[in-house]
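With compact mmCIF, C-alpha atoms inside, this is model.txt:
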# COMPACT_ATOMS: atom_id res chain seq x y z
CA MET A 1 33.20 -21.26 -0.06
CA ARG A 2 32.78 -17.52 0.23
CA LYS A 3 36.01 -15.56 0.60
CA MET A 4 36.55 -12.51 2.78
CA PRO A 5 35.75 -9.38 0.77
CA ASP A 6 38.60 -6.99 -0.05
CA ALA A 7 37.77 -3.42 1.05
CA LYS A 8 39.49 -1.96 -2.01
CA ALA A 9 37.57 -4.15 -4.47
CA PRO A 10 34.59 -2.72 -6.38
CA ILE A 11 30.89 -3.42 -5.95
CA GLY A 12 29.21 -4.91 -9.00
CA VAL A 13 25.70 -4.14 -10.23
CA ILE A 14 23.96 -6.27 -12.87
CA ASP A 15 20.80 -5.56 -14.80
CA ALA A 16 19.18 -6.70 -18.03
CA GLY A 17 19.44 -3.14 -19.30
CA LEU A 18 19.87 0.23 -17.62
CA GLY A 19 17.15 0.01 -14.97
CA GLY A 20 19.88 -0.90 -12.49
CA TYR A 21 21.00 2.72 -12.56
CA THR A 22 18.33 3.26 -9.89
CA VAL A 23 20.30 0.89 -7.63
CA VAL A 24 23.61 2.57 -8.48
CA LYS A 25 22.08 5.90 -7.45
CA GLU A 26 21.24 4.55 -4.00
CA LEU A 27 24.67 2.94 -3.60
CA GLN A 28 26.42 6.19 -4.53
CA LYS A 29 24.23 8.03 -2.03
CA ILE A 30 25.06 5.88 1.01
CA LEU A 31 28.49 4.55 -0.06
CA PRO A 32 30.12 7.51 -1.85
CA LYS A 33 33.68 6.16 -1.46
CA GLU A 34 32.99 2.79 -3.09
CA ASP A 35 34.03 1.94 -6.63
CA ILE A 36 31.08 0.62 -8.64
CA ILE A 37 31.05 -1.43 -11.83
CA PHE A 38 27.75 -1.58 -13.69
CA PHE A 39 27.01 -4.25 -16.29
CA GLY A 40 23.87 -3.72 -18.36
CA ASP A 41 22.91 -6.37 -20.88
CA GLY A 42 20.74 -4.15 -23.04
CA LYS A 43 21.10 -6.35 -26.11
CA ASN A 44 19.35 -9.34 -24.51
CA GLN A 45 16.81 -7.30 -22.57
CA PRO A 46 14.14 -8.04 -21.40
CA TYR A 47 15.17 -11.21 -19.57
CA GLY A 48 11.62 -11.49 -18.24
CA ASN A 49 10.31 -12.85 -21.54
CA ARG A 50 12.86 -15.72 -21.61
CA THR A 51 12.86 -19.26 -20.19
CA GLU A 52 14.42 -20.03 -16.81
CA GLU A 53 17.23 -21.98 -18.47
CA ASP A 54 18.07 -19.10 -20.78
CA ILE A 55 17.98 -16.56 -17.95
CA LEU A 56 20.39 -18.65 -15.89
CA HIS A 57 22.68 -19.13 -18.90
CA LEU A 58 22.85 -15.37 -19.48
CA THR A 59 23.18 -14.55 -15.78
CA HIS A 60 26.22 -16.78 -15.33
CA GLN A 61 27.95 -14.91 -18.15
CA CYS A 62 27.15 -11.55 -16.55
CA LEU A 63 28.44 -12.70 -13.17
CA ASP A 64 31.56 -14.18 -14.74
CA PHE A 65 32.26 -10.75 -16.25
CA LEU A 66 32.19 -9.17 -12.78
CA LYS A 67 34.15 -12.05 -11.24
CA GLU A 68 36.99 -11.28 -13.64
CA ARG A 69 37.00 -7.74 -12.23
CA LYS A 70 37.34 -9.08 -8.67
CA VAL A 71 34.18 -7.56 -7.20
CA LYS A 72 33.57 -7.93 -3.46
CA ALA A 73 29.77 -8.03 -3.70
CA VAL A 74 27.11 -7.86 -6.40
CA ALA A 75 23.70 -6.22 -6.46
CA ILE A 76 21.31 -8.03 -8.80
CA ALA A 77 19.29 -5.03 -9.91
CA CYS A 78 17.13 -7.18 -12.20
CA ASN A 79 14.03 -8.60 -10.51
CA THR A 80 13.81 -11.43 -13.05
CA ILE A 81 17.39 -12.54 -12.37
CA SER A 82 16.86 -12.15 -8.62
CA THR A 83 14.04 -14.69 -8.63
CA LEU A 84 16.61 -17.40 -9.42
CA ILE A 85 19.35 -16.34 -6.98
CA ASP A 86 19.44 -19.69 -5.15
CA LYS A 87 20.44 -21.38 -8.41
CA TYR A 88 23.60 -19.34 -9.03
CA GLN A 89 24.80 -17.91 -5.69
CA PRO A 90 26.54 -21.22 -4.80
CA ASP A 91 28.70 -20.89 -7.93
CA TYR A 92 30.42 -17.69 -6.73
CA ASP A 93 32.61 -16.81 -3.77
CA PHE A 94 31.27 -13.25 -3.40
CA ARG A 95 27.96 -12.28 -1.80
CA ILE A 96 25.07 -11.61 -4.19
CA PHE A 97 22.11 -9.42 -3.16
CA SER A 98 18.57 -9.83 -4.52
CA ILE A 99 16.37 -6.84 -5.36
CA VAL A 100 13.30 -9.05 -4.86
CA GLN A 101 14.35 -9.84 -1.30
CA ALA A 102 14.82 -6.13 -0.66
CA GLY A 103 11.36 -5.29 -2.01
CA SER A 104 9.75 -8.04 0.04
CA ASN A 105 11.46 -6.76 3.18
CA ASP A 106 10.10 -3.28 2.44
CA VAL A 107 6.53 -4.56 2.32
CA VAL A 108 6.86 -6.47 5.58
CA ALA A 109 8.46 -3.47 7.32
CA LEU A 110 5.60 -1.22 6.21
CA GLY A 111 3.05 -3.56 7.76
CA LEU A 112 0.76 -3.49 4.73
CA LYS A 113 -2.43 -5.53 4.47
CA GLU A 114 -2.16 -5.83 0.68
CA VAL A 115 0.24 -4.87 -2.07
CA GLY A 116 0.40 -5.00 -5.85
CA VAL A 117 3.49 -5.99 -7.82
CA LEU A 118 4.14 -4.61 -11.31
CA SER A 119 6.93 -6.63 -12.91
CA THR A 120 8.08 -8.55 -15.96
CA VAL A 121 5.95 -11.51 -16.99
CA PHE A 122 8.55 -14.00 -15.71
CA THR A 123 8.78 -12.39 -12.26
CA ALA A 124 4.99 -12.34 -11.97
CA LYS A 125 4.68 -16.01 -12.93
CA THR A 126 7.23 -17.15 -10.35
CA GLY A 127 5.20 -15.71 -7.47
CA CYS A 128 8.53 -14.83 -5.83
CA TYR A 129 7.31 -11.68 -4.11
CA ALA A 130 4.35 -13.46 -2.54
CA ARG A 131 6.58 -16.33 -1.39
CA LEU A 132 9.17 -14.10 0.27
CA ILE A 133 6.59 -11.77 1.82
CA HIS A 134 4.57 -14.69 3.19
CA GLU A 135 7.63 -16.20 4.84
CA LYS A 136 7.50 -13.31 7.31
CA ALA A 137 3.93 -12.01 6.98
CA PRO A 138 1.55 -14.71 5.66
CA ASN A 139 -1.55 -12.52 5.97
CA ILE A 140 -0.48 -9.87 3.43
CA ALA A 141 -2.40 -10.18 0.17
CA VAL A 142 -0.08 -9.95 -2.85
CA TYR A 143 -1.39 -9.27 -6.36
CA ALA A 144 1.06 -9.71 -9.24
CA GLN A 145 0.74 -8.12 -12.68
CA GLY A 146 3.13 -8.93 -15.51
CA CYS A 147 4.10 -6.19 -17.94
CA PRO A 148 5.70 -7.62 -21.10
CA LYS A 149 6.82 -4.46 -22.94
CA LEU A 150 7.47 -1.62 -20.50
CA ALA A 151 11.14 -2.31 -19.77
CA ARG A 152 11.88 -2.64 -23.47
CA ILE A 153 10.08 0.64 -24.23
CA ILE A 154 12.20 2.43 -21.63
CA GLU A 155 15.35 0.74 -22.88
CA ASP A 156 14.62 1.91 -26.42
CA GLY A 157 15.16 5.50 -25.25
CA GLY A 158 13.21 8.62 -25.98
CA PHE A 159 10.60 7.89 -23.31
CA ASP A 160 7.75 7.70 -25.82
CA GLN A 161 4.87 8.81 -23.61
CA GLN A 162 2.17 7.27 -25.78
CA ARG A 163 3.84 3.85 -25.81
CA ILE A 164 4.54 4.00 -22.06
CA ASN A 165 0.99 5.01 -21.17
CA THR A 166 -0.55 2.46 -23.52
CA GLU A 167 1.47 -0.35 -21.96
CA LEU A 168 0.59 0.79 -18.44
CA THR A 169 -3.09 1.02 -19.33
CA GLU A 170 -3.11 -2.51 -20.76
CA THR A 171 -1.31 -4.05 -17.77
CA LEU A 172 -1.45 -1.97 -14.60
CA GLY A 173 -4.96 -0.96 -15.64
CA GLN A 174 -6.08 -4.56 -15.12
CA LEU A 175 -4.68 -4.61 -11.58
CA ALA A 176 -6.22 -1.25 -10.71
CA ALA A 177 -9.62 -2.31 -12.00
CA ALA A 178 -9.57 -5.63 -10.16
CA HIS A 179 -8.51 -4.04 -6.86
CA PRO A 180 -9.89 -0.48 -6.73
CA THR A 181 -8.91 0.07 -3.07
CA LEU A 182 -5.32 -1.08 -3.55
CA ASP A 183 -2.97 1.84 -2.80
CA SER A 184 0.51 0.27 -2.56
CA LEU A 185 2.54 -0.95 -5.54
CA ILE A 186 5.97 -2.54 -5.71
CA LEU A 187 7.93 -1.36 -8.74
CA GLY A 188 9.07 -4.89 -9.48
CA CYS A 189 11.52 -3.96 -12.24
CA THR A 190 14.29 -1.41 -11.76
CA HIS A 191 13.29 0.31 -15.01
CA TYR A 192 9.90 1.23 -13.59
CA PRO A 193 10.92 4.04 -11.18
CA MET A 194 11.87 5.96 -14.32
CA VAL A 195 8.16 6.13 -15.25
CA SER A 196 6.72 6.55 -11.75
CA GLU A 197 5.20 9.90 -12.74
CA ASN A 198 3.27 8.18 -15.53
CA ILE A 199 1.99 5.57 -13.10
CA GLN A 200 0.77 8.13 -10.59
CA ALA A 201 -0.81 10.32 -13.26
CA LEU A 202 -2.74 7.41 -14.79
CA TYR A 203 -3.60 5.65 -11.52
CA PRO A 204 -3.58 8.06 -8.57
CA GLN A 205 -5.01 5.29 -6.39
CA PHE A 206 -1.40 4.09 -5.99
CA THR A 207 -0.30 6.59 -3.37
CA ARG A 208 2.64 4.43 -2.28
CA LEU A 209 5.14 3.27 -4.90
CA ILE A 210 7.74 0.97 -3.39
CA ASN A 211 11.20 1.17 -4.98
CA PRO A 212 13.38 -1.61 -3.46
CA ALA A 213 16.67 -0.02 -4.59
CA ALA A 214 17.33 1.85 -1.33
CA THR A 215 16.79 -1.24 0.82
CA GLN A 216 19.06 -3.33 -1.40
CA ALA A 217 21.82 -0.71 -1.22
CA GLN A 218 21.49 -0.55 2.56
CA ALA A 219 21.77 -4.34 2.82
CA ILE A 220 25.06 -4.18 0.91
CA ALA A 221 26.33 -1.38 3.15
CA ASP A 222 25.43 -3.35 6.28
CA TYR A 223 27.16 -6.45 4.95
CA LEU A 224 30.39 -4.63 4.05
CA LYS A 225 30.44 -2.89 7.42
CA ALA A 226 29.99 -6.20 9.24
CA GLU A 227 32.83 -7.71 7.19
CA ASN A 228 35.11 -4.69 7.76
CA ALA A 229 35.17 -4.30 3.99
CA LEU A 230 34.09 -0.68 3.52
CA ASN A 231 36.40 1.36 1.30
CA VAL A 232 37.05 4.25 3.67
CA ASP A 233 39.78 5.87 1.55
CA GLY A 234 38.24 5.52 -1.91
CA GLU A 235 37.11 8.27 -4.28
CA GLY A 236 34.02 6.45 -5.54
CA SER A 237 34.75 5.67 -9.18
CA PHE A 238 31.99 4.51 -11.54
CA ARG A 239 32.41 2.36 -14.64
CA VAL A 240 29.69 1.32 -17.06
CA TYR A 241 29.82 -1.69 -19.36
CA THR A 242 26.96 -2.32 -21.74
CA THR A 243 26.08 -4.64 -24.59
CA SER A 244 23.87 -1.95 -26.11
CA ASP A 245 24.02 1.76 -27.04
CA CYS A 246 26.91 3.44 -25.20
CA GLU A 247 25.72 6.99 -25.88
CA PHE A 248 22.26 6.23 -24.51
CA TYR A 249 23.77 4.65 -21.39
CA ARG A 250 26.06 7.67 -20.98
CA SER A 251 23.20 10.16 -21.33
CA MET A 252 21.05 8.23 -18.88
CA THR A 253 23.69 8.54 -16.15
CA LYS A 254 22.93 12.28 -16.21
CA HIS A 255 19.18 11.73 -16.44
CA VAL A 256 19.19 9.51 -13.34
CA GLY A 257 21.63 11.76 -11.47
CA LEU A 258 24.66 9.50 -11.23
CA LYS A 259 28.31 10.42 -10.92
CA THR A 260 30.08 10.93 -14.22
CA PRO A 261 31.41 7.49 -15.21
CA ILE A 262 35.11 6.96 -15.88
CA CYS A 263 34.11 4.92 -18.91
CA VAL A 264 31.06 3.74 -20.80
CA GLU A 265 32.32 0.77 -22.76
CA LEU A 266 30.67 -1.57 -25.25
CA VAL A 267 31.39 -5.23 -24.43
CA PRO A 268 30.33 -8.52 -26.06
CA ALA A 269 26.83 -9.58 -25.11
CA PRO A 270 26.19 -12.83 -23.26
CA THR A 271 25.16 -15.55 -25.69
CA PRO A 272 21.59 -16.89 -25.30
CA LEU A 273 20.83 -20.59 -25.52
Render the structure in this file as structure tokens.
Amino acid sequence: MRKMPDAKAPIGVIDAGLGGYTVVKELQKILPKEDIIFFGDGKNQPYGNRTEEDILHLTHQCLDFLKERKVKAVAIACNTISTLIDKYQPDYDFRIFSIVQAGSNDVVALGLKEVGVLSTVFTAKTGCYARLIHEKAPNIAVYAQGCPKLARIIEDGGFDQQRINTELTETLGQLAAAHPTLDSLILGCTHYPMVSENIQALYPQFTRLINPAATQAQAIADYLKAENALNVDGEGSFRVYTTSDCEFYRSMTKHVGLKTPICVELVPAPTPL
């Protein structure tokens, strides 16, 4: 049974790595008084190359970490984890928000006739975007393209342009070639907005890049308002917990344009199966 959220409690954000910073940025923009706890499992990233059982096993450990910190809501900033939300939401008494649902809602609201989805291999194989979009708009054509290495390349730091562009050419290039008139693309991994300039430079046909982070953040804001659980007196603290390189995660808060975190702390990584 879901409990009433405490206005003073923090909002949690989970990602398999630091891509979820793009969601934190949107939350800080529209909810500046809220305390935010970010958990990035960089050590086990990318989740999208793992089995469903392993993803669920890791996800429960991430959510348990936030549960211990008494969060009032959680944004799943990882598309791969979001595809399985129905299999873990019942285990927690706080509301969990899917980035995939947010992206699907964006597509329907835009009234598109067709859309591409660039994501991890796991997200692409599940067909989750097509399923959620077709629940509301069955006539929209959805073309999924898995990208096995891009999130890991970004997570490695340094933004190696050659590696990024090579990976995009080998994956997104297939989608662009198969659908030369396609102009709308969902960035189906929260890491991908960080290389949006590369995407547009290589494939200018994609004039509309859809980043679901803003819609997900707004859904959380609407929920907290409806539950009278907005923190109206807070100062908007930000804490980062990572299983990877603390200095890289700290430097990327500046790169993305986030508030200076109170802490960037190394914590034990979830244990894979």
Exercise for the section: Would you mind listing what lies within 12 Å of Val267 in chain A as a ChimeraX atom specification, with only C-alpha atoms counted and same-chain residues fewer than 2 positions away left out? Expected result: /A:38-43,62,65,240-246,263-265,269-270
Exercise for the section: Give me, please, the distance in Å between CA of Thr215 in chain A and CA of Ala130 in chain A, quoted to one decimal. Expected result: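 That distance, rounded to one decimal, is 17.8 Å.
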Handout entry: Test item: residues at most 12 Å from Ala177 in chain A, all atoms listed in the file, excluding those fewer than 5 positions along its chain, as a ChimeraX atom specification
Key = /A:145,169-172,182,203,205
Exercise for the section: Find the residue from A:Gly116, A:Gly103, A:Gly188, A:Gly111 that sits nearest to Leu132 in chain A; use all atoms listed in the file when measuring. Expected result: A:Gly103
Problem - Distance in Å - CA of Met4 in chain A versus CA of Thr22 in chain A - result: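 Separating CA of Met4 in chain A from CA of Thr22 in chain A is a distance of 27.2 Å.
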Handout entry: From A:Ala141, A:Ala176, A:Val121, A:Ala214, residue lying nearest Gly48 in chain A [all atoms listed in the file]
Key = A:Val121
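Shortest atom-to-atom contact with Thr120 in chain A among A:Leu209, A:Ala137, A:Leu187, A:Leu58: A:Leu187, counting only C-alpha atoms.
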Practice task
Mind checking which residues fall within 10 Å of Val232 in chain A, counting all atoms listed in the file, ignoring those fewer than 3 positions away in the same chain, and posting them as a PyMOL selection string?
Solution key: chain A and resi 7-8+31-34+229+235-236
Handout entry: Test item: which residues lie within 12 Å of (9.0, 4.0, -1.6) counting all atoms listed in the file, as a PyMOL selection string
Key = chain A and resi 102-103+106-107+109-110+184-188+193+196+206-215
Practice task
Compute the distance from (31.6, 5.4, -10.0) to each atom, counting all atoms listed in the file, keep the residues with any atom at most 7 Å away, and return them as a list in words; use the coordinates of the file.
Solution key: Asp35, Ile36, Gly236, Ser237, Phe238, Arg239, Lys259 and Pro261 of chain A
Atoms kept (C-alpha atoms) for selection, written as an mmCIF file, in the frame of the given file:
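Once written, selection_5.cif looks like this:
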data_model
loop_
_atom_site.group_PDB
_atom_site.id
_atom_site.type_symbol
_atom_site.label_atom_id
_atom_site.label_comp_id
_atom_site.auth_asym_id
_atom_site.auth_seq_id
_atom_site.Cartn_x
_atom_site.Cartn_y
_atom_site.Cartn_z
ATOM 1 C CA ASP A 35 34.030 1.940 -6.630
ATOM 2 C CA ILE A 36 31.080 0.620 -8.640
ATOM 3 C CA GLY A 236 34.020 6.450 -5.540
ATOM 4 C CA SER A 237 34.750 5.670 -9.180
ATOM 5 C CA PHE A 238 31.990 4.510 -11.540
ATOM 6 C CA ARG A 239 32.410 2.360 -14.640
ATOM 7 C CA LYS A 259 28.310 10.420 -10.920
ATOM 8 C CA PRO A 261 31.410 7.490 -15.210
#
Handout entry: Selected residue, from A:Cys147, A:Val13, A:Leu27, A:Met194, that lies nearest to Gln174 in chain A when counting only C-alpha atoms
Key =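 Answer, going by the shortest atom-to-atom distance: A:Cys147.
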